Amino acid sequence: MASRSLRRLRLAARREEGQSLVLAIGLCAITLLTISVVLAASAVNLKARQLLSLADGAIVAAVDEFEFVADGGAPRIQLTADQVQQGARRYLADVGASGRVDNLGIASVHVLPGGQGAEIVLTGTVSPPIIGWIVPSGIPITVHSTARTVLSR
């Protein structure tokens, strides 16, 4: 009787061979997929932060392109959209920004009311590692940055 039970147990064990291999392959696939997604998300976040840093530098450089207007007894600062656009382009060219971010572009420039500050919107794309073939044109990123110029004595 014991030998029959032992035989049945051996037969059942033989039928289960290979099942753990499928499980191991599945777990490896899930692990690799998770690593790929985390790497892609990290790459997008890192590139967005880099683009934001470029936007901050560009807008600070651009608002320094102001004109000083002596309006009677009240001097004031005046900015135009063209001045801001040119200042931002010059800054981005000076720091080699187009080599750091793919498809870098200035989406819009707005002068704040009163002409003492401006806002810039930069765009670019990120090609995530490993899963870049899923999105061959890259993942678009957009950042906004604002700066003001203050006149003080």
# chains A, B, ... in the order shown; residues from 1 in each chain; ligands from 1
>>> select_by_dssp(residues="segment 18-142 of chain A", states="alpha helix (DSSP H)", output="ChimeraX atom specification")
/A:19-63,81-94
>>> closest_atom_pairs(of="segment 54-86 of chain A", to="segment 103-118 of chain A", cutoff="7 Å", atoms="only C-alpha atoms", output="CSV")
residue,atom,partner,partner_atom,distance
A:Val63,CA,A:Gly117,CA,6.2
A:Ile77,CA,A:Gln116,CA,5.8
A:Gln78,CA,A:Gly115,CA,4.8
A:Leu79,CA,A:Gly115,CA,4.9
A:Thr80,CA,A:Val111,CA,6.5
A:Ala81,CA,A:Val111,CA,5.8
A:Gln85,CA,A:Val109,CA,6.5
>>> write_last_selection(atoms="C-alpha atoms", output="PDB file, in the first residue's frame")
ATOM      1  CA  VAL A  63      14.487  89.922 -18.341  1.00  0.00           C
ATOM      2  CA  ILE A  77      11.583  99.224 -16.449  1.00  0.00           C
ATOM      3  CA  GLN A  78      10.075  98.248 -19.769  1.00  0.00           C
ATOM      4  CA  LEU A  79      10.300  94.879 -21.501  1.00  0.00           C
ATOM      5  CA  THR A  80       8.994  93.794 -24.883  1.00  0.00           C
ATOM      6  CA  ALA A  81       8.275  90.290 -26.081  1.00  0.00           C
ATOM      7  CA  GLN A  85      12.606  86.227 -27.054  1.00  0.00           C
TER       8      GLN A  85
END
>>> residues_around(residues="Gln83 of chain A", least_positions_apart="5", cutoff="8 Å", atoms="only C-alpha atoms", output="PDB file with N, CA, C and O atoms, in the first residue's frame")
ATOM      1  N   ALA A  62      16.824  86.769 -20.015  1.00  0.00           N
ATOM      2  CA  ALA A  62      15.975  87.549 -20.915  1.00  0.00           C
ATOM      3  C   ALA A  62      15.408  88.798 -20.253  1.00  0.00           C
ATOM      4  O   ALA A  62      15.312  89.851 -20.894  1.00  0.00           O
ATOM      5  N   GLU A  65      17.278  92.099 -20.337  1.00  0.00           N
ATOM      6  CA  GLU A  65      17.304  92.855 -21.592  1.00  0.00           C
ATOM      7  C   GLU A  65      16.350  94.053 -21.547  1.00  0.00           C
ATOM      8  O   GLU A  65      15.968  94.583 -22.574  1.00  0.00           O
ATOM      9  N   PHE A  66      15.984  94.494 -20.357  1.00  0.00           N
ATOM     10  CA  PHE A  66      14.992  95.554 -20.214  1.00  0.00           C
ATOM     11  C   PHE A  66      15.539  96.911 -20.670  1.00  0.00           C
ATOM     12  O   PHE A  66      16.735  97.105 -20.810  1.00  0.00           O
TER      13      PHE A  66
END
>>> residues_around(residues="Ile130 of chain A", least_positions_apart="3", cutoff="12 Å", atoms="only C-alpha atoms", output="PyMOL selection string")
chain A and resi 32-41+43+127+133-136
>>> atom_distance(atom1="atom CA of Gly99 of chain A", atom2="atom CA of Val84 of chain A")
21.7 Å
>>> closest_atom_pairs(of="segment 48-109 of chain A", to="segment 140-152 of chain A", cutoff="9 Å", atoms="only C-alpha atoms", output="Markdown table")
| residue | atom | partner | partner_atom | distance |
| --- | --- | --- | --- | --- |
| A:Ala48 | CA | A:Ile141 | CA | 6.4 |
| A:Arg49 | CA | A:Val143 | CA | 8.8 |
| A:Leu51 | CA | A:Val143 | CA | 6.9 |
| A:Leu52 | CA | A:Val143 | CA | 5.7 |
| A:Ala55 | CA | A:Ser145 | CA | 5.9 |
| A:Asp56 | CA | A:Ser145 | CA | 5.7 |
| A:Ala58 | CA | A:Ser145 | CA | 8.9 |
| A:Ile59 | CA | A:Ala147 | CA | 6.1 |
| A:Val60 | CA | A:Ala147 | CA | 5.9 |
| A:Ala62 | CA | A:Ala147 | CA | 8.9 |
| A:Val63 | CA | A:Thr149 | CA | 6.3 |
| A:Asp64 | CA | A:Thr149 | CA | 7.2 |
| A:Phe66 | CA | A:Thr149 | CA | 8.3 |
| A:Pro75 | CA | A:Leu151 | CA | 8.9 |
| A:Arg76 | CA | A:Leu151 | CA | 7.4 |
| A:Ile77 | CA | A:Leu151 | CA | 7.2 |
| A:Ala107 | CA | A:Thr142 | CA | 8.6 |
>>> atom_distance(atom1="atom CA of Gly57 of chain A", atom2="atom CA of Gly124 of chain A")
15.9 Å
